[in-house]
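Colleague: Structure: data-v2.pdb, PDB, C-alpha atoms.
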MODEL        1
ATOM      1  CA  MET A   1      -4.967  -5.332  18.248
ATOM      2  CA  ALA A   2      -8.454  -3.890  17.910
ATOM      3  CA  THR A   3     -10.266  -3.446  21.201
ATOM      4  CA  ALA A   4     -12.928  -5.953  22.171
ATOM      5  CA  GLN A   5     -16.570  -5.125  21.636
ATOM      6  CA  GLY A   6     -18.819  -4.429  24.557
ATOM      7  CA  LYS A   7     -18.410  -2.579  27.825
ATOM      8  CA  ARG A   8     -15.085  -0.875  28.283
ATOM      9  CA  GLY A   9     -12.852  -1.954  31.116
ATOM     10  CA  PRO A  10     -11.000   0.411  33.436
ATOM     11  CA  GLY A  11      -8.742   2.753  31.523
ATOM     12  CA  ARG A  12      -9.753   1.382  28.147
ATOM     13  CA  PRO A  13     -10.184   4.029  25.411
ATOM     14  CA  PRO A  14     -13.503   4.258  23.544
ATOM     15  CA  GLU A  15     -14.154   2.187  20.436
ATOM     16  CA  GLY A  16     -12.682   3.608  17.245
ATOM     17  CA  VAL A  17      -9.769   5.390  18.903
ATOM     18  CA  ARG A  18      -7.178   3.020  17.424
ATOM     19  CA  GLU A  19      -8.438   3.746  13.915
ATOM     20  CA  ALA A  20      -8.450   7.483  14.684
ATOM     21  CA  ILE A  21      -4.866   7.272  15.939
ATOM     22  CA  LEU A  22      -3.734   5.579  12.726
ATOM     23  CA  GLN A  23      -5.543   8.071  10.512
ATOM     24  CA  THR A  24      -4.177  11.045  12.431
ATOM     25  CA  THR A  25      -0.683   9.563  12.260
ATOM     26  CA  LEU A  26      -0.909   9.169   8.482
ATOM     27  CA  THR A  27      -2.207  12.716   8.101
ATOM     28  CA  LEU A  28       0.593  14.181  10.206
ATOM     29  CA  ILE A  29       3.269  12.179   8.405
ATOM     30  CA  ALA A  30       2.013  13.627   5.128
ATOM     31  CA  ASP A  31       2.130  17.131   6.629
ATOM     32  CA  VAL A  32       5.312  17.163   8.740
ATOM     33  CA  GLY A  33       7.129  13.901   8.009
ATOM     34  CA  VAL A  34       8.171  11.088  10.325
ATOM     35  CA  SER A  35      11.151  12.729  12.019
ATOM     36  CA  ARG A  36       8.946  15.486  13.516
ATOM     37  CA  LEU A  37       6.126  13.128  14.444
ATOM     38  CA  THR A  38       5.390  12.948  18.182
ATOM     39  CA  THR A  39       2.719  11.169  20.157
ATOM     40  CA  LYS A  40       1.889  14.456  21.880
ATOM     41  CA  GLU A  41       1.113  16.110  18.539
ATOM     42  CA  ILE A  42      -0.872  13.085  17.347
ATOM     43  CA  ALA A  43      -2.994  13.262  20.497
ATOM     44  CA  ARG A  44      -3.508  17.021  20.161
ATOM     45  CA  VAL A  45      -4.556  16.896  16.518
ATOM     46  CA  GLY A  46      -6.683  13.783  16.942
ATOM     47  CA  GLY A  47      -8.438  14.972  20.076
ATOM     48  CA  PHE A  48      -7.610  11.960  22.242
ATOM     49  CA  SER A  49      -5.204  11.392  25.106
ATOM     50  CA  GLU A  50      -1.567  10.470  24.662
ATOM     51  CA  ALA A  51      -2.222   7.559  27.009
ATOM     52  CA  SER A  52      -4.674   6.172  24.448
ATOM     53  CA  ILE A  53      -1.861   5.933  21.932
ATOM     54  CA  TYR A  54       0.287   3.905  24.304
ATOM     55  CA  TYR A  55      -2.681   1.729  25.190
ATOM     56  CA  HIS A  56      -2.793   0.524  21.586
ATOM     57  CA  PHE A  57       0.870   0.877  20.562
ATOM     58  CA  ALA A  58       3.855   0.034  22.769
ATOM     59  CA  ASP A  59       6.161   2.588  21.139
ATOM     60  CA  LYS A  60       6.676   4.738  18.065
ATOM     61  CA  ALA A  61       7.969   1.752  16.099
ATOM     62  CA  ALA A  62       4.751  -0.156  16.770
ATOM     63  CA  LEU A  63       2.758   2.919  15.771
ATOM     64  CA  LEU A  64       4.605   3.213  12.443
ATOM     65  CA  GLU A  65       4.153  -0.508  11.835
ATOM     66  CA  GLY A  66       0.442  -0.169  12.536
ATOM     67  CA  ALA A  67       0.197   2.823  10.201
ATOM     68  CA  ILE A  68       1.741   0.768   7.396
ATOM     69  CA  LEU A  69       0.002  -2.569   7.948
ATOM     70  CA  ASP A  70      -3.398  -1.417   9.173
ATOM     71  CA  GLY A  71      -3.647   2.153   7.924
ATOM     72  CA  VAL A  72      -2.315   1.708   4.368
ATOM     73  CA  LEU A  73      -1.872  -1.984   3.527
ATOM     74  CA  ALA A  74      -5.129  -3.354   4.947
ATOM     75  CA  PRO A  75      -7.401  -1.129   2.782
ATOM     76  CA  PHE A  76      -5.358  -2.063  -0.288
ATOM     77  CA  GLN A  77      -5.635  -5.746   0.592
ATOM     78  CA  GLU A  78      -9.408  -5.398   0.790
ATOM     79  CA  PHE A  79      -9.413  -3.836  -2.661
ATOM     80  CA  ALA A  80      -7.093  -6.554  -4.019
ATOM     81  CA  ALA A  81      -9.280  -9.354  -2.639
ATOM     82  CA  ALA A  82     -12.405  -7.907  -4.270
ATOM     83  CA  PHE A  83     -10.456  -7.235  -7.462
ATOM     84  CA  ALA A  84      -9.247 -10.842  -7.649
ATOM     85  CA  GLN A  85     -12.858 -12.068  -7.580
ATOM     86  CA  ARG A  86     -13.879  -9.768 -10.448
ATOM     87  CA  ALA A  87     -10.740 -10.125 -12.551
ATOM     88  CA  PRO A  88     -11.555 -13.431 -14.348
ATOM     89  CA  GLU A  89     -14.694 -11.926 -15.913
ATOM     90  CA  GLY A  90     -13.303  -8.456 -16.624
ATOM     91  CA  ASP A  91     -11.649  -6.920 -19.659
ATOM     92  CA  VAL A  92      -7.868  -7.317 -19.373
ATOM     93  CA  GLU A  93      -7.006  -3.712 -20.191
ATOM     94  CA  ALA A  94      -9.714  -2.228 -17.958
ATOM     95  CA  MET A  95      -8.762  -4.468 -15.041
ATOM     96  CA  LEU A  96      -5.074  -3.642 -15.348
ATOM     97  CA  ILE A  97      -5.749   0.098 -15.522
ATOM     98  CA  GLU A  98      -7.908  -0.151 -12.392
ATOM     99  CA  PHE A  99      -5.369  -2.209 -10.476
ATOM    100  CA  THR A 100      -2.322  -0.165 -11.452
ATOM    101  CA  ALA A 101      -4.062   3.055 -10.404
ATOM    102  CA  ALA A 102      -4.740   1.540  -6.981
ATOM    103  CA  LEU A 103      -1.230   0.101  -6.666
ATOM    104  CA  THR A 104       0.355   3.435  -7.568
ATOM    105  CA  GLY A 105      -1.784   5.162  -4.929
ATOM    106  CA  PHE A 106      -0.663   2.570  -2.406
ATOM    107  CA  TRP A 107       3.007   3.238  -3.146
ATOM    108  CA  GLU A 108       2.497   6.998  -2.856
ATOM    109  CA  LYS A 109       1.032   6.533   0.622
ATOM    110  CA  VAL A 110       3.396   3.893   1.953
ATOM    111  CA  LEU A 111       6.790   5.067   0.655
ATOM    112  CA  PRO A 112       7.204   7.876   3.247
ATOM    113  CA  LEU A 113       6.538   5.326   5.978
ATOM    114  CA  LEU A 114       8.877   2.738   4.489
ATOM    115  CA  SER A 115      11.600   5.365   4.183
ATOM    116  CA  ALA A 116      11.320   6.010   7.908
ATOM    117  CA  MET A 117      11.566   2.300   8.628
ATOM    118  CA  GLN A 118      14.591   1.860   6.368
ATOM    119  CA  SER A 119      16.490   4.712   8.008
ATOM    120  CA  ASP A 120      16.727   2.858  11.322
ATOM    121  CA  VAL A 121      18.419  -0.561  11.482
ATOM    122  CA  ASP A 122      16.316  -1.835  14.385
ATOM    123  CA  LEU A 123      13.075  -0.633  12.832
ATOM    124  CA  ARG A 124      14.028  -2.111   9.471
ATOM    125  CA  THR A 125      14.910  -5.516  10.937
ATOM    126  CA  ARG A 126      11.767  -5.630  13.049
ATOM    127  CA  PHE A 127       9.564  -4.682  10.103
ATOM    128  CA  GLN A 128      11.279  -7.168   7.766
ATOM    129  CA  GLN A 129      10.578  -9.974  10.210
ATOM    130  CA  ARG A 130       6.950  -8.923  10.500
ATOM    131  CA  VAL A 131       6.439  -8.662   6.738
ATOM    132  CA  ASN A 132       8.115 -12.020   6.083
ATOM    133  CA  ALA A 133       6.043 -13.706   8.756
ATOM    134  CA  LEU A 134       2.860 -12.405   7.107
ATOM    135  CA  ASP A 135       4.109 -13.222   3.582
ATOM    136  CA  LEU A 136       3.609  -9.632   2.475
ATOM    137  CA  GLY A 137       5.448  -7.792  -0.259
ATOM    138  CA  PRO A 138       5.406  -6.742  -3.934
ATOM    139  CA  HIS A 139       5.270 -10.381  -5.066
ATOM    140  CA  ARG A 140       1.575 -10.426  -4.218
ATOM    141  CA  GLY A 141       0.817  -7.668  -6.675
ATOM    142  CA  VAL A 142       2.936  -9.361  -9.355
ATOM    143  CA  ARG A 143       1.038 -12.598  -8.763
ATOM    144  CA  LEU A 144      -2.321 -10.845  -9.075
ATOM    145  CA  VAL A 145      -1.414  -9.059 -12.319
ATOM    146  CA  ALA A 146       0.016 -12.301 -13.723
ATOM    147  CA  GLY A 147      -3.348 -13.902 -12.983
ATOM    148  CA  VAL A 148      -5.167 -11.210 -14.979
ATOM    149  CA  LEU A 149      -2.852 -11.786 -17.933
ATOM    150  CA  ARG A 150      -3.180 -15.558 -17.631
ATOM    151  CA  ASN A 151      -6.962 -15.220 -17.733
ATOM    152  CA  GLY A 152      -6.500 -13.197 -20.905
ATOM    153  CA  GLN A 153      -4.493 -16.042 -22.404
ATOM    154  CA  GLU A 154      -7.186 -18.554 -21.494
ATOM    155  CA  GLN A 155      -9.783 -16.318 -23.155
ATOM    156  CA  ARG A 156      -7.512 -16.058 -26.222
ATOM    157  CA  LYS A 157      -7.163 -12.296 -25.822
ATOM    158  CA  ILE A 158      -3.468 -12.338 -24.851
ATOM    159  CA  ARG A 159      -0.794 -14.135 -26.878
ATOM    160  CA  ALA A 160       0.082 -17.585 -25.573
ATOM    161  CA  ASP A 161       3.824 -16.931 -25.853
ATOM    162  CA  VAL A 162       3.729 -14.075 -23.311
ATOM    163  CA  ASP A 163       5.568 -14.742 -20.031
ATOM    164  CA  VAL A 164       2.810 -13.415 -17.767
ATOM    165  CA  THR A 165       4.984 -13.335 -14.634
ATOM    166  CA  ALA A 166       7.727 -11.311 -16.316
ATOM    167  CA  MET A 167       5.153  -8.963 -17.834
ATOM    168  CA  ALA A 168       3.428  -8.560 -14.447
ATOM    169  CA  MET A 169       6.782  -7.600 -12.951
ATOM    170  CA  LEU A 170       7.166  -4.848 -15.554
ATOM    171  CA  ILE A 171       3.644  -3.542 -14.963
ATOM    172  CA  CYS A 172       4.000  -3.461 -11.173
ATOM    173  CA  SER A 173       7.428  -1.845 -11.482
ATOM    174  CA  ALA A 174       5.854   1.007 -13.469
ATOM    175  CA  CYS A 175       3.474   1.603 -10.546
ATOM    176  CA  TYR A 176       6.354   1.721  -8.091
ATOM    177  CA  LEU A 177       8.353   4.100 -10.298
ATOM    178  CA  THR A 178       5.396   6.468 -10.604
ATOM    179  CA  GLY A 179       4.779   6.441  -6.851
ATOM    180  CA  TYR A 180       8.484   6.815  -6.106
ATOM    181  CA  GLN A 181       8.801   9.838  -8.373
ATOM    182  CA  ARG A 182       6.056  11.682  -6.497
ATOM    183  CA  HIS A 183       7.564  10.666  -3.145
ATOM    184  CA  MET A 184      11.034  11.893  -4.090
ATOM    185  CA  LEU A 185      10.316  14.882  -6.342
ATOM    186  CA  GLY A 186       6.806  16.053  -5.483
ATOM    187  CA  VAL A 187       3.482  16.199  -7.264
ATOM    188  CA  LYS A 188       4.650  18.568 -10.010
ATOM    189  CA  ALA A 189       7.328  16.101 -11.072
ATOM    190  CA  ARG A 190       4.668  13.565 -12.055
ATOM    191  CA  ARG A 191       4.601  15.045 -15.576
ATOM    192  CA  ARG A 192       8.205  13.971 -16.128
ATOM    193  CA  LEU A 193       7.139  10.348 -16.572
ATOM    194  CA  PRO A 194       4.632   9.088 -19.143
ATOM    195  CA  ALA A 195       1.126   8.813 -17.706
ATOM    196  CA  LEU A 196       0.409   5.338 -16.362
ATOM    197  CA  LYS A 197      -2.963   4.730 -18.059
ATOM    198  CA  PRO A 198      -1.794   5.152 -21.685
ATOM    199  CA  THR A 199       1.364   3.224 -20.798
ATOM    200  CA  ILE A 200      -0.687   0.222 -19.664
ATOM    201  CA  SER A 201      -2.997   0.510 -22.664
ATOM    202  CA  SER A 202      -0.019   0.551 -25.045
ATOM    203  CA  LEU A 203       1.515  -2.452 -23.333
ATOM    204  CA  VAL A 204      -1.706  -4.469 -23.479
ATOM    205  CA  GLU A 205      -2.048  -3.656 -27.169
ATOM    206  CA  LEU A 206       1.352  -5.257 -27.764
ATOM    207  CA  LEU A 207       0.191  -8.411 -25.957
ATOM    208  CA  ARG A 208      -3.093  -8.889 -27.772
ATOM    209  CA  ILE A 209      -3.582 -11.696 -30.248
TER
ENDMDL
END
Translate the structure of the given file into structure tokens.
Modeller:
Amino acid sequence: MATAQGKRGPGRPPEGVREAILQTTLTLIADVGVSRLTTKEIARVGGFSEASIYYHFADKAALLEGAILDGVLAPFQEFAAAFAQRAPEGDVEAMLIEFTAALTGFWEKVLPLLSAMQSDVDLRTRFQQRVNALDLGPHRGVRLVAGVLRNGQEQRKIRADVDVTAMAMLICSACYLTGYQRHMLGVKARRRLPALKPTISSLVELLRI
């Protein structure tokens, strides 16, 4: 949905406004939540016109979808793609600690948005269809972590009898649980769960040959 490069047509907002809208939306959601989010406030805080928002997004549902897919998911996908290229040559423990830190951060950012989507049947159905069409979801992270563990097996650093897919599910679930705790209980509640880094290190130690 990004605007075309070159000379702007009549009524077309300047380049970069779509990205600014998404960033302002994410900032406001973190500050005031989704229920109090309005396009008027987004425009005021971002310093652009309300018409610019509706130029890029048909309605609030489309704006929330854009915030999730383009504002939060797309940067994580870029990280994951670069990570996948480096993973085969990296140390298993170091790579898993790096990835789980990023995945936990992703969950912390996206859970407030997903909660808003889930609270409305129409929004939830629309978003489910979009995500399924793009083949998005937690299975991608599980697949990536399983690949790291499988590389470890090939390098004879991880035991051959380890079910890498099941273990990847456990590792990714720990990231979700950590992100969910902060989303539900706040930053101070983070201390109630074991820290993620030593948890991953302990788990990898159990898997080593």
Colleague: Evaluate the PyMOL selection byres ((chain A and resi 96-100) around 8) on the structure here and hand back the selected residues as a list in words.
Modeller: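 Written out, the selection comes to Ala80, Phe83, Val92, Glu93, Ala94, Met95, Ala101, Ala102, Leu103, Thr104, Val145, Val148, Ile171, Cys172, Cys175, Leu196, Lys197, Ile200 and Ser201 of chain A.
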Colleague: Write the residues of the preceding selection, restricted to C-alpha atoms, as a PDB file, in the coordinates of the input.
Modeller:
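Output (result-v1.pdb):
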ATOM      1  CA  ALA A  80      -7.093  -6.554  -4.019  1.00  0.00           C
ATOM      2  CA  PHE A  83     -10.456  -7.235  -7.462  1.00  0.00           C
ATOM      3  CA  VAL A  92      -7.868  -7.317 -19.373  1.00  0.00           C
ATOM      4  CA  GLU A  93      -7.006  -3.712 -20.191  1.00  0.00           C
ATOM      5  CA  ALA A  94      -9.714  -2.228 -17.958  1.00  0.00           C
ATOM      6  CA  MET A  95      -8.762  -4.468 -15.041  1.00  0.00           C
ATOM      7  CA  ALA A 101      -4.062   3.055 -10.404  1.00  0.00           C
ATOM      8  CA  ALA A 102      -4.740   1.540  -6.981  1.00  0.00           C
ATOM      9  CA  LEU A 103      -1.230   0.101  -6.666  1.00  0.00           C
ATOM     10  CA  THR A 104       0.355   3.435  -7.568  1.00  0.00           C
ATOM     11  CA  VAL A 145      -1.414  -9.059 -12.319  1.00  0.00           C
ATOM     12  CA  VAL A 148      -5.167 -11.210 -14.979  1.00  0.00           C
ATOM     13  CA  ILE A 171       3.644  -3.542 -14.963  1.00  0.00           C
ATOM     14  CA  CYS A 172       4.000  -3.461 -11.173  1.00  0.00           C
ATOM     15  CA  CYS A 175       3.474   1.603 -10.546  1.00  0.00           C
ATOM     16  CA  LEU A 196       0.409   5.338 -16.362  1.00  0.00           C
ATOM     17  CA  LYS A 197      -2.963   4.730 -18.059  1.00  0.00           C
ATOM     18  CA  ILE A 200      -0.687   0.222 -19.664  1.00  0.00           C
ATOM     19  CA  SER A 201      -2.997   0.510 -22.664  1.00  0.00           C
TER      20      SER A 201
END
Colleague: I want to know what sits within 9 Å of Gly147 in chain A, based on all atoms listed in the file, with residues of the same chain fewer than 5 positions away left out; could you give that as a VMD selection string?
Modeller: chain A and resid 84 87 to 88 142 152 164 to 165 168
Colleague: Expand the PyMOL selection byres ((chain A and resi 110-124) around 7) into the explicit residue set it covers here, and present it as a CSV table (one decimal) with C-alpha atoms, in the frame of the given file.
Modeller:
chain,number,residue,atom,x,y,z
A,34,VAL,CA,8.2,11.1,10.3
A,61,ALA,CA,8.0,1.8,16.1
A,68,ILE,CA,1.7,0.8,7.4
A,72,VAL,CA,-2.3,1.7,4.4
A,106,PHE,CA,-0.7,2.6,-2.4
A,107,TRP,CA,3.0,3.2,-3.1
A,108,GLU,CA,2.5,7.0,-2.9
A,109,LYS,CA,1.0,6.5,0.6
A,125,THR,CA,14.9,-5.5,10.9
A,126,ARG,CA,11.8,-5.6,13.0
A,127,PHE,CA,9.6,-4.7,10.1
A,128,GLN,CA,11.3,-7.2,7.8
A,183,HIS,CA,7.6,10.7,-3.1
Colleague: Would you list the contacts of Asp70 in chain A as a list in words, taking every protein, DNA or RNA residue within 12 Å and counting all atoms listed in the file, but skipping same-chain residues closer than 2 positions in sequence?
Modeller: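 Surrounding residues, per the criterion: Met1, Ala2, Arg18, Glu19, Ala20, Ile21, Leu22, Gln23, Thr25, Leu26, Ala62, Leu63, Leu64, Glu65, Gly66, Ala67, Ile68, Val72, Leu73, Ala74, Pro75, Phe76, Gln77, Glu78 and Val110 of chain A.
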Colleague: Can you tell me how far CA of Val17 in chain A sits from CA of Phe48 in chain A, in Å to one decimal?
Modeller: 7.7 Å
Colleague: Nearest to Thr27 in chain A: which of A:Gly105, A:Gly71, A:Ala133, A:Ser49 is it, counting all atoms listed in the file?
Modeller: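 Closest residue, counting all atoms listed in the file: A:Gly71.
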Colleague: Mind rebuilding range 61-90 of chain A with N, CA and C atoms and writing that out as a PDB file, in the coordinates of the input?
Modeller:
ATOM      1  N   ALA A  61       7.753   2.768  17.127  1.00  0.00           N
ATOM      2  CA  ALA A  61       7.969   1.752  16.099  1.00  0.00           C
ATOM      3  C   ALA A  61       6.691   0.960  15.843  1.00  0.00           C
ATOM      4  N   ALA A  62       6.007   0.580  16.914  1.00  0.00           N
ATOM      5  CA  ALA A  62       4.751  -0.156  16.770  1.00  0.00           C
ATOM      6  C   ALA A  62       3.689   0.702  16.099  1.00  0.00           C
ATOM      7  N   LEU A  63       3.712   2.002  16.390  1.00  0.00           N
ATOM      8  CA  LEU A  63       2.758   2.919  15.771  1.00  0.00           C
ATOM      9  C   LEU A  63       3.017   3.020  14.268  1.00  0.00           C
ATOM     10  N   LEU A  64       4.274   3.142  13.865  1.00  0.00           N
ATOM     11  CA  LEU A  64       4.605   3.213  12.443  1.00  0.00           C
ATOM     12  C   LEU A  64       4.244   1.906  11.737  1.00  0.00           C
ATOM     13  N   GLU A  65       4.510   0.790  12.401  1.00  0.00           N
ATOM     14  CA  GLU A  65       4.153  -0.508  11.835  1.00  0.00           C
ATOM     15  C   GLU A  65       2.644  -0.612  11.643  1.00  0.00           C
ATOM     16  N   GLY A  66       1.895  -0.154  12.640  1.00  0.00           N
ATOM     17  CA  GLY A  66       0.442  -0.169  12.536  1.00  0.00           C
ATOM     18  C   GLY A  66      -0.056   0.732  11.421  1.00  0.00           C
ATOM     19  N   ALA A  67       0.590   1.892  11.263  1.00  0.00           N
ATOM     20  CA  ALA A  67       0.197   2.823  10.201  1.00  0.00           C
ATOM     21  C   ALA A  67       0.388   2.182   8.832  1.00  0.00           C
ATOM     22  N   ILE A  68       1.475   1.428   8.678  1.00  0.00           N
ATOM     23  CA  ILE A  68       1.741   0.768   7.396  1.00  0.00           C
ATOM     24  C   ILE A  68       0.793  -0.406   7.172  1.00  0.00           C
ATOM     25  N   LEU A  69       0.747  -1.327   8.143  1.00  0.00           N
ATOM     26  CA  LEU A  69       0.002  -2.569   7.948  1.00  0.00           C
ATOM     27  C   LEU A  69      -1.507  -2.381   8.023  1.00  0.00           C
ATOM     28  N   ASP A  70      -1.953  -1.580   8.980  1.00  0.00           N
ATOM     29  CA  ASP A  70      -3.398  -1.417   9.173  1.00  0.00           C
ATOM     30  C   ASP A  70      -3.951  -0.169   8.486  1.00  0.00           C
ATOM     31  N   GLY A  71      -3.144   0.905   8.484  1.00  0.00           N
ATOM     32  CA  GLY A  71      -3.647   2.153   7.924  1.00  0.00           C
ATOM     33  C   GLY A  71      -3.554   2.245   6.416  1.00  0.00           C
ATOM     34  N   VAL A  72      -2.530   1.605   5.815  1.00  0.00           N
ATOM     35  CA  VAL A  72      -2.315   1.708   4.368  1.00  0.00           C
ATOM     36  C   VAL A  72      -2.493   0.360   3.670  1.00  0.00           C
ATOM     37  N   LEU A  73      -1.840  -0.685   4.202  1.00  0.00           N
ATOM     38  CA  LEU A  73      -1.872  -1.984   3.527  1.00  0.00           C
ATOM     39  C   LEU A  73      -3.235  -2.659   3.608  1.00  0.00           C
ATOM     40  N   ALA A  74      -3.861  -2.645   4.777  1.00  0.00           N
ATOM     41  CA  ALA A  74      -5.129  -3.354   4.947  1.00  0.00           C
ATOM     42  C   ALA A  74      -6.212  -2.883   3.964  1.00  0.00           C
ATOM     43  N   PRO A  75      -6.408  -1.564   3.779  1.00  0.00           N
ATOM     44  CA  PRO A  75      -7.401  -1.129   2.782  1.00  0.00           C
ATOM     45  C   PRO A  75      -7.044  -1.591   1.368  1.00  0.00           C
ATOM     46  N   PHE A  76      -5.750  -1.593   1.043  1.00  0.00           N
ATOM     47  CA  PHE A  76      -5.358  -2.063  -0.288  1.00  0.00           C
ATOM     48  C   PHE A  76      -5.604  -3.561  -0.428  1.00  0.00           C
ATOM     49  N   GLN A  77      -5.375  -4.312   0.635  1.00  0.00           N
ATOM     50  CA  GLN A  77      -5.635  -5.746   0.592  1.00  0.00           C
ATOM     51  C   GLN A  77      -7.120  -6.037   0.381  1.00  0.00           C
ATOM     52  N   GLU A  78      -7.971  -5.234   0.995  1.00  0.00           N
ATOM     53  CA  GLU A  78      -9.408  -5.398   0.790  1.00  0.00           C
ATOM     54  C   GLU A  78      -9.765  -5.154  -0.672  1.00  0.00           C
ATOM     55  N   PHE A  79      -9.187  -4.105  -1.245  1.00  0.00           N
ATOM     56  CA  PHE A  79      -9.413  -3.836  -2.661  1.00  0.00           C
ATOM     57  C   PHE A  79      -8.910  -5.003  -3.510  1.00  0.00           C
ATOM     58  N   ALA A  80      -7.692  -5.488  -3.225  1.00  0.00           N
ATOM     59  CA  ALA A  80      -7.093  -6.554  -4.019  1.00  0.00           C
ATOM     60  C   ALA A  80      -7.916  -7.837  -3.954  1.00  0.00           C
ATOM     61  N   ALA A  81      -8.472  -8.143  -2.780  1.00  0.00           N
ATOM     62  CA  ALA A  81      -9.280  -9.354  -2.639  1.00  0.00           C
ATOM     63  C   ALA A  81     -10.551  -9.265  -3.487  1.00  0.00           C
ATOM     64  N   ALA A  82     -11.204  -8.104  -3.463  1.00  0.00           N
ATOM     65  CA  ALA A  82     -12.405  -7.907  -4.270  1.00  0.00           C
ATOM     66  C   ALA A  82     -12.046  -7.894  -5.756  1.00  0.00           C
ATOM     67  N   PHE A  83     -10.912  -7.296  -6.074  1.00  0.00           N
ATOM     68  CA  PHE A  83     -10.456  -7.235  -7.462  1.00  0.00           C
ATOM     69  C   PHE A  83     -10.203  -8.639  -8.010  1.00  0.00           C
ATOM     70  N   ALA A  84      -9.571  -9.485  -7.214  1.00  0.00           N
ATOM     71  CA  ALA A  84      -9.247 -10.842  -7.649  1.00  0.00           C
ATOM     72  C   ALA A  84     -10.511 -11.633  -7.993  1.00  0.00           C
ATOM     73  N   GLN A  85     -11.600 -11.362  -7.295  1.00  0.00           N
ATOM     74  CA  GLN A  85     -12.858 -12.068  -7.580  1.00  0.00           C
ATOM     75  C   GLN A  85     -13.473 -11.599  -8.890  1.00  0.00           C
ATOM     76  N   ARG A  86     -13.295 -10.321  -9.225  1.00  0.00           N
ATOM     77  CA  ARG A  86     -13.879  -9.768 -10.448  1.00  0.00           C
ATOM     78  C   ARG A  86     -13.001  -9.962 -11.669  1.00  0.00           C
ATOM     79  N   ALA A  87     -11.705 -10.124 -11.451  1.00  0.00           N
ATOM     80  CA  ALA A  87     -10.740 -10.125 -12.551  1.00  0.00           C
ATOM     81  C   ALA A  87     -11.012 -11.166 -13.638  1.00  0.00           C
ATOM     82  N   PRO A  88     -11.371 -12.427 -13.297  1.00  0.00           N
ATOM     83  CA  PRO A  88     -11.555 -13.431 -14.348  1.00  0.00           C
ATOM     84  C   PRO A  88     -12.618 -13.065 -15.375  1.00  0.00           C
ATOM     85  N   GLU A  89     -13.608 -12.280 -14.996  1.00  0.00           N
ATOM     86  CA  GLU A  89     -14.694 -11.926 -15.913  1.00  0.00           C
ATOM     87  C   GLU A  89     -14.501 -10.556 -16.558  1.00  0.00           C
ATOM     88  N   GLY A  90     -13.481  -9.819 -16.145  1.00  0.00           N
ATOM     89  CA  GLY A  90     -13.303  -8.456 -16.624  1.00  0.00           C
ATOM     90  C   GLY A  90     -12.435  -8.358 -17.871  1.00  0.00           C
TER      91      GLY A  90
END
